[in-house]
$ cat work16.cif   # mmCIF, C-alpha atoms
data_data
#
loop_
_atom_site.label_atom_id
_atom_site.label_comp_id
_atom_site.auth_asym_id
_atom_site.auth_seq_id
_atom_site.Cartn_x
_atom_site.Cartn_y
_atom_site.Cartn_z
CA MET A 1 38.18 -2.46 -21.58
CA LYS A 2 34.75 -0.83 -21.61
CA LYS A 3 34.60 -1.03 -25.41
CA ILE A 4 35.38 -4.75 -25.25
CA LEU A 5 32.61 -5.25 -22.69
CA LEU A 6 30.11 -3.25 -24.73
CA ALA A 7 30.82 -5.34 -27.81
CA ALA A 8 30.47 -8.48 -25.71
CA LEU A 9 27.09 -7.34 -24.45
CA ALA A 10 25.88 -7.12 -28.04
CA ALA A 11 27.62 -10.18 -29.46
CA LEU A 12 26.70 -12.46 -26.56
CA ALA A 13 23.12 -11.20 -26.35
CA LEU A 14 23.44 -9.70 -22.89
CA THR A 15 22.74 -6.37 -21.50
CA THR A 16 21.44 -4.11 -20.16
CA LEU A 17 21.93 8.70 -13.15
CA ALA A 18 23.30 11.39 -14.01
CA ALA A 19 21.39 12.86 -16.81
CA CYS A 20 23.29 15.91 -17.86
CA GLY A 21 21.90 18.87 -19.65
CA SER A 22 19.13 21.35 -19.52
CA SER A 23 15.56 21.05 -18.36
CA ASP A 24 12.60 20.74 -20.71
CA ALA A 25 12.15 24.50 -20.55
CA ASP A 26 15.50 25.21 -22.18
CA SER A 27 16.18 22.00 -24.10
CA THR A 28 14.62 23.35 -27.28
CA GLY A 29 14.32 26.68 -28.93
CA SER A 30 16.71 29.57 -29.27
CA LYS A 31 16.67 33.12 -30.57
CA ASP A 32 15.03 31.82 -33.76
CA SER A 33 11.91 29.83 -32.84
CA SER A 34 12.33 27.65 -35.93
CA SER A 35 15.82 26.52 -34.91
CA PHE A 36 16.75 23.55 -32.71
CA SER A 37 18.85 23.53 -29.57
CA PHE A 38 19.20 20.57 -27.24
CA THR A 39 21.65 19.36 -24.61
CA ASP A 40 21.75 15.56 -24.52
CA ASP A 41 22.48 13.26 -21.58
CA LEU A 42 26.22 13.35 -22.21
CA GLY A 43 26.25 17.14 -22.10
CA ASN A 44 26.59 17.56 -25.85
CA GLN A 45 25.05 20.81 -27.04
CA ILE A 46 23.31 20.34 -30.41
CA ASP A 47 22.36 23.46 -32.36
CA LEU A 48 20.70 23.34 -35.77
CA ASP A 49 19.25 26.06 -37.97
CA LYS A 50 15.94 24.22 -38.04
CA ALA A 51 14.25 21.34 -36.24
CA PRO A 52 15.55 17.98 -37.53
CA GLU A 53 13.15 16.16 -39.84
CA ARG A 54 15.44 13.37 -41.08
CA LEU A 55 16.62 11.07 -38.29
CA LEU A 56 19.13 8.20 -38.49
CA VAL A 57 18.41 6.15 -35.37
CA GLN A 58 19.77 3.10 -33.56
CA SER A 59 17.20 0.33 -34.02
CA SER A 60 15.77 -0.07 -30.51
CA MET A 61 15.69 3.70 -30.07
CA ALA A 62 13.94 3.92 -33.45
CA ALA A 63 11.22 1.60 -32.15
CA ALA A 64 10.81 3.80 -29.06
CA LEU A 65 10.57 7.01 -31.11
CA THR A 66 8.01 5.28 -33.32
CA ASP A 67 5.96 4.49 -30.20
CA LEU A 68 6.11 8.22 -29.42
CA GLY A 69 4.82 9.25 -32.83
CA LEU A 70 8.07 10.12 -34.59
CA GLY A 71 8.25 7.19 -37.00
CA ASP A 72 7.76 9.37 -40.09
CA LYS A 73 10.96 11.26 -39.29
CA ILE A 74 13.14 8.14 -39.24
CA VAL A 75 14.90 7.80 -42.59
CA GLY A 76 17.29 5.03 -41.60
CA THR A 77 18.36 2.70 -38.78
CA PHE A 78 21.46 0.87 -37.59
CA GLY A 79 21.91 -1.94 -35.11
CA PRO A 80 20.06 -5.28 -34.71
CA LEU A 81 16.78 -5.79 -36.54
CA LYS A 82 16.51 -9.60 -36.56
CA ASN A 83 17.19 -12.21 -33.91
CA ALA A 84 19.27 -15.37 -34.13
CA ASP A 85 16.35 -17.18 -35.79
CA GLY A 86 15.99 -14.55 -38.51
CA GLU A 87 12.77 -13.09 -37.12
CA PRO A 88 12.20 -9.42 -36.19
CA ASP A 89 14.11 -8.89 -32.94
CA SER A 90 12.20 -8.19 -29.75
CA GLN A 91 14.38 -5.14 -29.15
CA VAL A 92 12.71 -3.44 -32.14
CA ALA A 93 9.14 -4.40 -31.27
CA GLY A 94 6.67 -2.14 -33.06
CA LEU A 95 9.17 -1.00 -35.70
CA ASP A 96 8.46 -1.70 -39.37
CA ILE A 97 11.95 -2.99 -40.20
CA ALA A 98 11.26 -2.87 -43.94
CA LYS A 99 10.26 0.80 -43.93
CA ALA A 100 13.59 2.57 -43.33
CA PRO A 101 16.94 1.50 -44.83
CA ASP A 102 19.38 -0.34 -42.56
CA VAL A 103 22.86 1.18 -42.76
CA THR A 104 24.57 -1.13 -40.28
CA GLY A 105 28.14 -1.83 -41.41
CA GLY A 106 29.46 -5.30 -42.07
CA GLY A 107 32.73 -4.85 -40.20
CA ASP A 108 33.52 -4.58 -36.51
CA TYR A 109 30.90 -4.00 -33.84
CA GLY A 110 29.58 -0.45 -34.08
CA SER A 111 30.44 0.11 -37.74
CA ILE A 112 28.04 1.91 -40.09
CA ASN A 113 28.04 2.03 -43.87
CA LEU A 114 28.86 5.72 -44.15
CA GLU A 115 28.13 5.95 -47.87
CA ASP A 116 24.63 4.59 -47.35
CA ALA A 117 24.17 6.85 -44.33
CA ALA A 118 25.25 9.91 -46.32
CA GLU A 119 22.69 9.15 -49.03
CA LEU A 120 19.95 9.44 -46.41
CA LYS A 121 20.97 13.06 -45.69
CA PRO A 122 20.21 12.84 -41.95
CA ASP A 123 19.78 16.02 -39.94
CA LEU A 124 20.51 14.15 -36.72
CA VAL A 125 21.75 10.76 -35.50
CA VAL A 126 20.10 9.33 -32.37
CA THR A 127 21.45 6.53 -30.17
CA SER A 128 21.89 5.55 -26.53
CA ALA A 129 24.75 4.74 -24.14
CA TYR A 130 24.80 1.93 -21.57
CA LEU A 131 28.29 2.57 -20.17
CA ASP A 132 29.51 6.12 -19.66
CA ASP A 133 29.90 7.68 -23.11
CA ASP A 134 30.24 4.41 -25.07
CA LEU A 135 27.67 4.80 -27.82
CA TRP A 136 25.37 1.87 -28.54
CA TYR A 137 26.21 0.36 -31.93
CA ILE A 138 28.56 3.21 -32.88
CA ASN A 139 32.27 2.63 -32.30
CA ASP A 140 34.75 5.47 -31.84
CA LYS A 141 35.98 5.52 -35.44
CA THR A 142 32.46 5.45 -36.83
CA ALA A 143 31.37 8.22 -34.45
CA THR A 144 34.15 10.48 -35.69
CA ASP A 145 33.12 9.96 -39.31
CA LEU A 146 29.39 10.06 -38.58
CA LYS A 147 29.63 13.47 -36.91
CA LYS A 148 30.75 14.86 -40.28
CA LEU A 149 27.28 13.98 -41.59
CA ALA A 150 25.16 15.08 -38.63
CA PRO A 151 25.34 15.66 -34.87
CA ILE A 152 24.79 12.66 -32.59
CA LEU A 153 22.15 12.92 -29.86
CA VAL A 154 22.64 10.41 -27.03
CA VAL A 155 20.14 9.19 -24.46
CA SER A 156 22.17 7.71 -21.60
CA PHE A 157 20.94 4.64 -19.71
CA ASP A 158 24.02 4.50 -17.48
CA GLY A 159 23.07 4.45 -13.80
CA LYS A 160 19.38 5.12 -14.46
CA THR A 161 16.39 3.34 -13.06
CA LEU A 162 13.92 2.01 -15.61
CA PRO A 163 11.47 4.94 -15.23
CA GLU A 164 14.37 7.42 -15.47
CA LEU A 165 15.56 5.69 -18.62
CA LEU A 166 12.10 5.90 -20.20
CA ASP A 167 11.70 9.53 -19.13
CA GLY A 168 15.06 10.32 -20.71
CA THR A 169 13.84 8.95 -24.02
CA GLU A 170 10.68 11.02 -23.76
CA ARG A 171 12.71 14.16 -23.03
CA ALA A 172 14.62 13.67 -26.27
CA ALA A 173 11.45 12.76 -28.15
CA LYS A 174 9.71 15.91 -26.96
CA ALA A 175 12.59 18.01 -28.25
CA LEU A 176 12.23 16.23 -31.60
CA GLY A 177 8.54 17.07 -31.81
CA ALA A 178 6.70 14.30 -29.95
CA ASP A 179 3.43 15.21 -28.24
CA LEU A 180 3.78 13.83 -24.73
CA GLU A 181 0.27 14.99 -23.85
CA SER A 182 -1.35 12.85 -26.53
CA ASP A 183 -3.93 10.21 -25.66
CA GLY A 184 -1.56 7.52 -26.89
CA THR A 185 1.28 8.58 -24.61
CA THR A 186 -1.05 8.88 -21.63
CA ALA A 187 -2.44 5.41 -22.35
CA SER A 188 1.07 3.93 -22.55
CA HIS A 189 1.93 5.30 -19.10
CA GLU A 190 -1.27 3.83 -17.69
CA ALA A 191 -0.53 0.50 -19.37
CA PHE A 192 2.96 0.51 -17.84
CA THR A 193 1.54 1.01 -14.34
CA THR A 194 -1.05 -1.73 -14.83
CA ALA A 195 1.55 -4.19 -16.14
CA ALA A 196 3.92 -3.36 -13.28
CA ASP A 197 1.14 -4.11 -10.81
CA ARG A 198 0.65 -7.49 -12.46
CA VAL A 199 4.34 -8.35 -12.09
CA LYS A 200 4.25 -7.19 -8.46
CA LYS A 201 1.33 -9.50 -7.73
CA VAL A 202 2.87 -12.55 -9.38
CA SER A 203 6.14 -11.80 -7.55
CA ALA A 204 4.30 -12.10 -4.25
CA ASP A 205 2.57 -15.28 -5.41
CA LEU A 206 5.93 -16.93 -6.18
CA GLY A 207 6.67 -17.15 -2.46
CA ASP A 208 10.17 -18.47 -1.74
CA ARG A 209 10.91 -19.56 -5.30
CA THR A 210 14.07 -18.11 -6.87
CA ILE A 211 14.65 -16.73 -10.35
CA LEU A 212 17.97 -16.63 -12.17
CA ALA A 213 18.43 -14.39 -15.23
CA GLY A 214 21.08 -15.10 -17.81
CA SER A 215 22.27 -16.15 -21.23
CA ALA A 216 24.58 -18.59 -22.94
CA ALA A 217 27.56 -18.82 -25.23
CA GLN A 218 29.30 -21.94 -26.49
CA ASP A 219 31.88 -21.96 -23.69
CA LEU A 220 30.32 -19.79 -20.98
CA PHE A 221 27.18 -19.37 -18.91
CA TYR A 222 26.31 -15.77 -18.10
CA VAL A 223 24.39 -14.81 -14.95
CA SER A 224 22.85 -11.36 -15.28
CA ASN A 225 23.12 -8.85 -12.46
CA PRO A 226 19.84 -7.21 -11.33
CA LYS A 227 21.76 -4.46 -9.58
CA VAL A 228 23.00 -3.09 -12.91
CA SER A 229 20.37 -3.89 -15.55
CA PRO A 230 17.65 -1.20 -15.20
CA ASP A 231 14.76 -3.56 -15.97
CA LEU A 232 15.89 -6.36 -13.63
CA PHE A 233 16.64 -3.81 -10.90
CA TYR A 234 13.15 -2.33 -11.23
CA TRP A 235 11.49 -5.72 -11.15
CA LYS A 236 13.51 -6.86 -8.13
CA ASP A 237 13.63 -3.73 -5.99
CA GLU A 238 10.32 -2.09 -6.93
CA LEU A 239 8.13 -5.07 -7.83
CA GLY A 240 9.63 -7.76 -5.59
CA LEU A 241 10.62 -10.30 -8.24
CA PRO A 242 12.90 -12.84 -6.47
CA LEU A 243 15.90 -12.43 -8.76
CA THR A 244 19.29 -13.76 -7.71
CA VAL A 245 22.21 -11.29 -7.58
CA PRO A 246 25.55 -12.81 -8.65
CA ASP A 247 28.35 -12.25 -6.13
CA ASN A 248 31.24 -11.84 -8.59
CA PRO A 249 30.19 -9.76 -11.61
CA ASP A 250 32.61 -9.13 -14.47
CA ALA A 251 34.03 -5.68 -15.26
CA GLY A 252 31.13 -3.34 -15.93
CA GLY A 253 28.90 -5.34 -13.60
CA TYR A 254 26.26 -6.56 -16.05
CA PHE A 255 26.87 -10.28 -15.58
CA GLU A 256 29.05 -12.95 -14.04
CA SER A 257 30.75 -15.33 -16.47
CA LEU A 258 30.84 -18.97 -15.40
CA SER A 259 32.16 -22.09 -17.04
CA TRP A 260 29.42 -24.60 -17.75
CA GLU A 261 30.98 -26.84 -15.10
CA LYS A 262 29.93 -24.20 -12.56
CA ALA A 263 26.47 -23.54 -13.97
CA ASP A 264 24.90 -24.77 -10.73
CA LYS A 265 26.60 -22.07 -8.63
CA TYR A 266 23.25 -20.37 -8.06
CA PRO A 267 20.04 -22.37 -7.45
CA ALA A 268 17.06 -21.46 -9.60
CA ASP A 269 13.43 -22.51 -9.66
CA ILE A 270 12.80 -20.38 -12.75
CA PHE A 271 15.31 -19.39 -15.41
CA LEU A 272 14.82 -16.03 -17.14
CA TYR A 273 16.73 -16.34 -20.41
CA ASP A 274 17.80 -13.57 -22.77
CA ASP A 275 15.43 -14.06 -25.70
CA ARG A 276 17.96 -12.86 -28.28
CA ILE A 277 19.81 -16.18 -28.13
CA GLY A 278 17.12 -17.90 -30.20
CA ALA A 279 16.48 -21.63 -30.47
CA ALA A 280 20.17 -22.45 -30.89
CA GLY A 281 20.99 -20.68 -27.65
CA LEU A 282 18.28 -22.54 -25.78
CA GLN A 283 19.74 -25.78 -27.06
CA LEU A 284 22.99 -24.94 -25.26
CA PHE A 285 21.17 -25.12 -21.93
CA ALA A 286 19.60 -28.44 -22.85
CA GLN A 287 22.96 -30.09 -23.56
CA GLU A 288 24.83 -28.90 -20.47
CA LYS A 289 24.65 -31.57 -17.76
CA VAL A 290 25.48 -29.34 -14.79
CA PHE A 291 22.91 -26.72 -15.78
CA GLN A 292 20.35 -29.49 -16.12
CA THR A 293 20.69 -30.24 -12.39
CA LEU A 294 18.96 -26.92 -11.60
CA ALA A 295 15.29 -27.16 -10.62
CA ALA A 296 14.41 -24.69 -13.38
CA ALA A 297 15.93 -26.99 -15.99
CA GLN A 298 14.38 -30.17 -14.58
CA ASP A 299 10.95 -28.49 -14.53
CA GLU A 300 11.56 -26.77 -17.90
CA ALA A 301 10.70 -23.52 -16.15
CA TYR A 302 12.17 -21.29 -18.85
CA VAL A 303 10.81 -17.74 -19.20
CA PRO A 304 11.96 -15.44 -22.03
CA TRP A 305 13.44 -12.09 -21.06
CA THR A 306 13.76 -9.21 -23.51
CA SER A 307 16.98 -7.81 -22.09
CA VAL A 308 17.15 -4.99 -24.65
CA ALA A 309 13.78 -3.46 -25.46
CA PRO A 310 12.66 -0.22 -27.08
CA PRO A 311 13.03 2.37 -24.29
CA SER A 312 9.40 3.46 -24.30
CA TYR A 313 6.62 3.08 -21.73
CA GLN A 314 4.50 1.20 -24.26
CA ALA A 315 7.23 -1.31 -25.07
CA TYR A 316 7.86 -2.05 -21.40
CA ALA A 317 4.14 -2.26 -20.68
CA ASP A 318 3.85 -4.96 -23.35
CA LEU A 319 7.03 -6.65 -22.10
CA MET A 320 5.86 -6.77 -18.48
CA ASP A 321 2.45 -8.10 -19.50
CA ARG A 322 4.20 -10.96 -21.32
CA LEU A 323 6.46 -11.51 -18.31
CA ALA A 324 3.46 -11.69 -15.98
CA ASP A 325 1.71 -14.11 -18.34
CA ASP A 326 4.76 -16.39 -18.46
CA LEU A 327 5.39 -16.29 -14.72
CA GLU A 328 1.75 -17.04 -13.94
CA LYS A 329 2.19 -20.30 -15.89
CA GLN A 330 4.92 -21.27 -13.41
CA LEU A 331 2.75 -20.88 -10.31
#

$ encode --input "work16.cif" --output "structure tokens"
Amino acid sequence: MKKILLAALAALALTTLAACGSSDADSTGSKDSSSFSFTDDLGNQIDLDKAPERLLVQSSMAAALTDLGLGDKIVGTFGPLKNADGEPDSQVAGLDIAKAPDVTGGGDYGSINLEDAAELKPDLVVTSAYLDDDLWYINDKTATDLKKLAPILVVSFDGKTLPELLDGTERAAKALGADLESDGTTASHEAFTTAADRVKKVSADLGDRTILAGSAAQDLFYVSNPKVSPDLFYWKDELGLPLTVPDNPDAGGYFESLSWEKADKYPADIFLYDDRIGAAGLQLFAQEKVFQTLAAAQDEAYVPWTSVAPPSYQAYADLMDRLADDLEKQL
């Protein structure tokens, strides 16, 4: 059931703490200082004779590692690179999508072209997990075959707050050679704090107005759950954004599925829409009569939401600045 949900999260453009393993002090290094040893968030122990220099990385994670100075080590990517309109997807912001080959398979969700991947000679595969040990954009069959090429390092987002999620990415990046004391990394943390303060201020200025987050499919309206999505949770609980919590989430908890006839179940002054749906997705909202009874629809108070973003402080600093800009226009 979890695999079905995970595929649905990707196909329907919806997303989304117990970090296992060793501390920074023992995450890298071994008897031979040139070797590599790391325990990932799922408790997988990865031991290599030398530090990995050729990384095959899930696309949004690739963007995050690029933000952290590891772009030159990425020899290939898999997962979404373009949105529904054919433009570079917001979840890979900052990644040069033409630089590294895309080895995403053309079959079921989570498939990878293993022949193309093998030609890249990766030392390590890097991805994330939103639900338990379900790997993002790698299905079970592909994982089994992929491990014959290289170990898989997983950064888990399951049950983490947004800062914990970003710190988890940095922990892995540090093991892979990122300099977390660099001026760029320090600046990205400062930018994150500044952007968060902006969202907190605009949240207070919104007063009693309500915000609904969600997405659309041809037959269903999806209401996202701020209690499960790390970014929405952070914005609601830490920054005070008045996000509505659905009372009957689906299995996995990320959203509640409603028929379009029930699209007015939750009132909304502002609608935060998953920006991966593209123009065609937005058109679905425009043609649904019940949804159009919401104040957000009547006022055209639509604000884009990057529900899957590169898990880096810089990416979320940029994202929250855009969010603050868009919300300020609704005041």

$ closest_residue --input "work16.cif" --among "A:Ala315, A:Val57, A:Ala100, A:Ala286" --to "Ile138 (chain A)" --atoms "only C-alpha atoms"
A:Val57

$ resolve_selection --input "work16.cif" --expression "the PyMOL selection byres ((chain A and resi 196-209) around 10)" --output "number ranges by chain"
A: 190-195, 210-211, 234-236, 238-243, 267-270, 316-317, 319-325, 327-328, 330-331

$ residues_near_point --input "work16.cif" --point "(16.1, 7.0, -20.3)" --cutoff "12 Å" --atoms "only C-alpha atoms" --output "ChimeraX atom specification"
/A:17-20,40-41,61,64,127-130,154-173,230-231,309-313

$ write_last_selection --input "work16.cif" --atoms "C-alpha atoms" --output "short mmCIF file (atom, residue, chain, number, x, y, z; two decimals), in the frame of the given file"
data_model
loop_
_atom_site.label_atom_id
_atom_site.label_comp_id
_atom_site.auth_asym_id
_atom_site.auth_seq_id
_atom_site.Cartn_x
_atom_site.Cartn_y
_atom_site.Cartn_z
CA LEU A 17 21.93 8.70 -13.15
CA ALA A 18 23.30 11.39 -14.01
CA ALA A 19 21.39 12.86 -16.81
CA CYS A 20 23.29 15.91 -17.86
CA ASP A 40 21.75 15.56 -24.52
CA ASP A 41 22.48 13.26 -21.58
CA MET A 61 15.69 3.70 -30.07
CA ALA A 64 10.81 3.80 -29.06
CA THR A 127 21.45 6.53 -30.17
CA SER A 128 21.89 5.55 -26.53
CA ALA A 129 24.75 4.74 -24.14
CA TYR A 130 24.80 1.93 -21.57
CA VAL A 154 22.64 10.41 -27.03
CA VAL A 155 20.14 9.19 -24.46
CA SER A 156 22.17 7.71 -21.60
CA PHE A 157 20.94 4.64 -19.71
CA ASP A 158 24.02 4.50 -17.48
CA GLY A 159 23.07 4.45 -13.80
CA LYS A 160 19.38 5.12 -14.46
CA THR A 161 16.39 3.34 -13.06
CA LEU A 162 13.92 2.01 -15.61
CA PRO A 163 11.47 4.94 -15.23
CA GLU A 164 14.37 7.42 -15.47
CA LEU A 165 15.56 5.69 -18.62
CA LEU A 166 12.10 5.90 -20.20
CA ASP A 167 11.70 9.53 -19.13
CA GLY A 168 15.06 10.32 -20.71
CA THR A 169 13.84 8.95 -24.02
CA GLU A 170 10.68 11.02 -23.76
CA ARG A 171 12.71 14.16 -23.03
CA ALA A 172 14.62 13.67 -26.27
CA ALA A 173 11.45 12.76 -28.15
CA PRO A 230 17.65 -1.20 -15.20
CA ASP A 231 14.76 -3.56 -15.97
CA ALA A 309 13.78 -3.46 -25.46
CA PRO A 310 12.66 -0.22 -27.08
CA PRO A 311 13.03 2.37 -24.29
CA SER A 312 9.40 3.46 -24.30
CA TYR A 313 6.62 3.08 -21.73
#

$ residues_around --input "work16.cif" --residues "region 48-51 of chain A" --least-positions-apart "6" --cutoff "6 Å" --atoms "all atoms listed in the file" --output "PyMOL selection string"
chain A and resi 34-36

$ residues_around --input "work16.cif" --residues "Lys265 (chain A)" --least-positions-apart "2" --cutoff "12 Å" --atoms "all atoms listed in the file" --output "list in words"
Leu212, Phe221, Tyr222, Val223, Thr244, Val245, Pro246, Asp247, Asn248, Glu256, Ser257, Leu258, Ser259, Trp260, Glu261, Lys262, Ala263, Pro267, Ala268, Val290, Phe291, Thr293 and Leu294 of chain A

$ atom_distance --input "work16.cif" --atom1 "CA of Asp250 (chain A)" --atom2 "CA of Thr104 (chain A)"
28.2 Å

$ atom_distance --input "work16.cif" --atom1 "CA of Leu272 (chain A)" --atom2 "CA of Ala213 (chain A)"
4.4 Å

$ closest_residue --input "work16.cif" --among "A:Ser60, A:Asn83, A:Thr144, A:Ser224" --to "Ile112 (chain A)" --atoms "all atoms listed in the file"
A:Thr144

$ residues_near_point --input "work16.cif" --point "(27.5, 15.3, -41.3)" --cutoff "9 Å" --atoms "all atoms listed in the file" --output "PyMOL selection string"
chain A and resi 118+121-124+145-151

$ closest_residue --input "work16.cif" --among "A:Thr77, A:Asn139, A:Thr66, A:Ser182" --to "Val126 (chain A)" --atoms "only C-alpha atoms"
A:Thr77

$ atom_distance --input "work16.cif" --atom1 "CA of Gly106 (chain A)" --atom2 "CA of Ile152 (chain A)"
20.8 Å

$ axis_aligned_box --input "work16.cif" --around "region 304-318 of chain A" --padding-each-side "3 Å" --output "JSON"
{"center_x": 10.5, "center_y": -6.0, "center_z": -23.9, "size_x": 19.3, "size_y": 24.9, "size_z": 12.4}

$ residues_around --input "work16.cif" --residues "Thr306 (chain A)" --least-positions-apart "5" --cutoff "8 Å" --atoms "all atoms listed in the file" --output "PDB file with C-alpha atoms, keeping the file's coordinate frame"
ATOM      1  CA  SER A  90      12.200  -8.190 -29.750  1.00  0.00           C
ATOM      2  CA  GLN A  91      14.380  -5.140 -29.150  1.00  0.00           C
ATOM      3  CA  ASP A 274      17.800 -13.570 -22.770  1.00  0.00           C
ATOM      4  CA  ASP A 275      15.430 -14.060 -25.700  1.00  0.00           C
ATOM      5  CA  ARG A 276      17.960 -12.860 -28.280  1.00  0.00           C
ATOM      6  CA  LEU A 319       7.030  -6.650 -22.100  1.00  0.00           C
TER       7      LEU A 319
END

$ closest_residue --input "work16.cif" --among "A:Gly252, A:Gly281, A:Lys141, A:Gly69" --to "Glu181 (chain A)" --atoms "only C-alpha atoms"
A:Gly69

$ resolve_selection --input "work16.cif" --expression "the PyMOL selection byres ((chain A and resi 53) around 6)" --output "NGL selection string"
:A and (52 or 54 or 73)

$ write_last_selection --input "work16.cif" --atoms "C-alpha atoms" --output "PDB file, keeping the file's coordinate frame"
ATOM      1  CA  PRO A  52      15.550  17.980 -37.530  1.00  0.00           C
ATOM      2  CA  ARG A  54      15.440  13.370 -41.080  1.00  0.00           C
ATOM      3  CA  LYS A  73      10.960  11.260 -39.290  1.00  0.00           C
TER       4      LYS A  73
END

$ residues_around --input "work16.cif" --residues "Asp326 (chain A)" --least-positions-apart "6" --cutoff "10 Å" --atoms "all atoms listed in the file" --output "list in words"
Ala301, Tyr302, Val303, Pro304 and Met320 of chain A

$ build_atoms --input "work16.cif" --residues "region 149-168 of chain A" --atoms "N, CA and C atoms" --output "PDB file, in the frame of the given file"
ATOM      1  N   LEU A 149      28.569  13.976 -40.902  1.00  0.00           N
ATOM      2  CA  LEU A 149      27.280  13.980 -41.590  1.00  0.00           C
ATOM      3  C   LEU A 149      26.221  14.729 -40.801  1.00  0.00           C
ATOM      4  N   ALA A 150      26.201  14.485 -39.488  1.00  0.00           N
ATOM      5  CA  ALA A 150      25.160  15.080 -38.630  1.00  0.00           C
ATOM      6  C   ALA A 150      25.569  14.933 -37.180  1.00  0.00           C
ATOM      7  N   PRO A 151      25.069  15.813 -36.305  1.00  0.00           N
ATOM      8  CA  PRO A 151      25.340  15.660 -34.870  1.00  0.00           C
ATOM      9  C   PRO A 151      24.738  14.367 -34.340  1.00  0.00           C
ATOM     10  N   ILE A 152      25.296  13.869 -33.231  1.00  0.00           N
ATOM     11  CA  ILE A 152      24.790  12.660 -32.590  1.00  0.00           C
ATOM     12  C   ILE A 152      24.153  13.019 -31.255  1.00  0.00           C
ATOM     13  N   LEU A 153      22.877  12.702 -31.111  1.00  0.00           N
ATOM     14  CA  LEU A 153      22.150  12.920 -29.860  1.00  0.00           C
ATOM     15  C   LEU A 153      22.124  11.596 -29.100  1.00  0.00           C
ATOM     16  N   VAL A 154      22.524  11.632 -27.824  1.00  0.00           N
ATOM     17  CA  VAL A 154      22.640  10.410 -27.030  1.00  0.00           C
ATOM     18  C   VAL A 154      21.715  10.455 -25.815  1.00  0.00           C
ATOM     19  N   VAL A 155      20.926   9.402 -25.675  1.00  0.00           N
ATOM     20  CA  VAL A 155      20.140   9.190 -24.460  1.00  0.00           C
ATOM     21  C   VAL A 155      20.913   8.185 -23.616  1.00  0.00           C
ATOM     22  N   SER A 156      21.366   8.595 -22.433  1.00  0.00           N
ATOM     23  CA  SER A 156      22.170   7.710 -21.600  1.00  0.00           C
ATOM     24  C   SER A 156      21.286   6.861 -20.690  1.00  0.00           C
ATOM     25  N   PHE A 157      21.612   5.555 -20.619  1.00  0.00           N
ATOM     26  CA  PHE A 157      20.940   4.640 -19.710  1.00  0.00           C
ATOM     27  C   PHE A 157      21.808   4.347 -18.492  1.00  0.00           C
ATOM     28  N   ASP A 158      23.033   4.838 -18.504  1.00  0.00           N
ATOM     29  CA  ASP A 158      24.020   4.500 -17.480  1.00  0.00           C
ATOM     30  C   ASP A 158      23.575   5.004 -16.112  1.00  0.00           C
ATOM     31  N   GLY A 159      23.405   4.084 -15.161  1.00  0.00           N
ATOM     32  CA  GLY A 159      23.070   4.450 -13.800  1.00  0.00           C
ATOM     33  C   GLY A 159      21.628   4.852 -13.584  1.00  0.00           C
ATOM     34  N   LYS A 160      20.774   4.702 -14.594  1.00  0.00           N
ATOM     35  CA  LYS A 160      19.380   5.120 -14.460  1.00  0.00           C
ATOM     36  C   LYS A 160      18.482   3.963 -14.033  1.00  0.00           C
ATOM     37  N   THR A 161      17.447   4.301 -13.302  1.00  0.00           N
ATOM     38  CA  THR A 161      16.390   3.340 -13.060  1.00  0.00           C
ATOM     39  C   THR A 161      15.576   3.203 -14.341  1.00  0.00           C
ATOM     40  N   LEU A 162      14.723   2.190 -14.412  1.00  0.00           N
ATOM     41  CA  LEU A 162      13.920   2.010 -15.610  1.00  0.00           C
ATOM     42  C   LEU A 162      13.033   3.220 -15.903  1.00  0.00           C
ATOM     43  N   PRO A 163      12.277   3.751 -14.932  1.00  0.00           N
ATOM     44  CA  PRO A 163      11.470   4.940 -15.230  1.00  0.00           C
ATOM     45  C   PRO A 163      12.324   6.134 -15.665  1.00  0.00           C
ATOM     46  N   GLU A 164      13.487   6.321 -15.066  1.00  0.00           N
ATOM     47  CA  GLU A 164      14.370   7.420 -15.470  1.00  0.00           C
ATOM     48  C   GLU A 164      14.840   7.240 -16.903  1.00  0.00           C
ATOM     49  N   LEU A 165      15.129   6.005 -17.260  1.00  0.00           N
ATOM     50  CA  LEU A 165      15.560   5.690 -18.620  1.00  0.00           C
ATOM     51  C   LEU A 165      14.456   6.034 -19.619  1.00  0.00           C
ATOM     52  N   LEU A 166      13.233   5.636 -19.301  1.00  0.00           N
ATOM     53  CA  LEU A 166      12.100   5.900 -20.200  1.00  0.00           C
ATOM     54  C   LEU A 166      11.799   7.395 -20.266  1.00  0.00           C
ATOM     55  N   ASP A 167      11.918   8.077 -19.140  1.00  0.00           N
ATOM     56  CA  ASP A 167      11.700   9.530 -19.130  1.00  0.00           C
ATOM     57  C   ASP A 167      12.759  10.244 -19.957  1.00  0.00           C
ATOM     58  N   GLY A 168      13.993   9.719 -19.921  1.00  0.00           N
ATOM     59  CA  GLY A 168      15.060  10.320 -20.710  1.00  0.00           C
ATOM     60  C   GLY A 168      14.780  10.230 -22.200  1.00  0.00           C
TER      61      GLY A 168
END
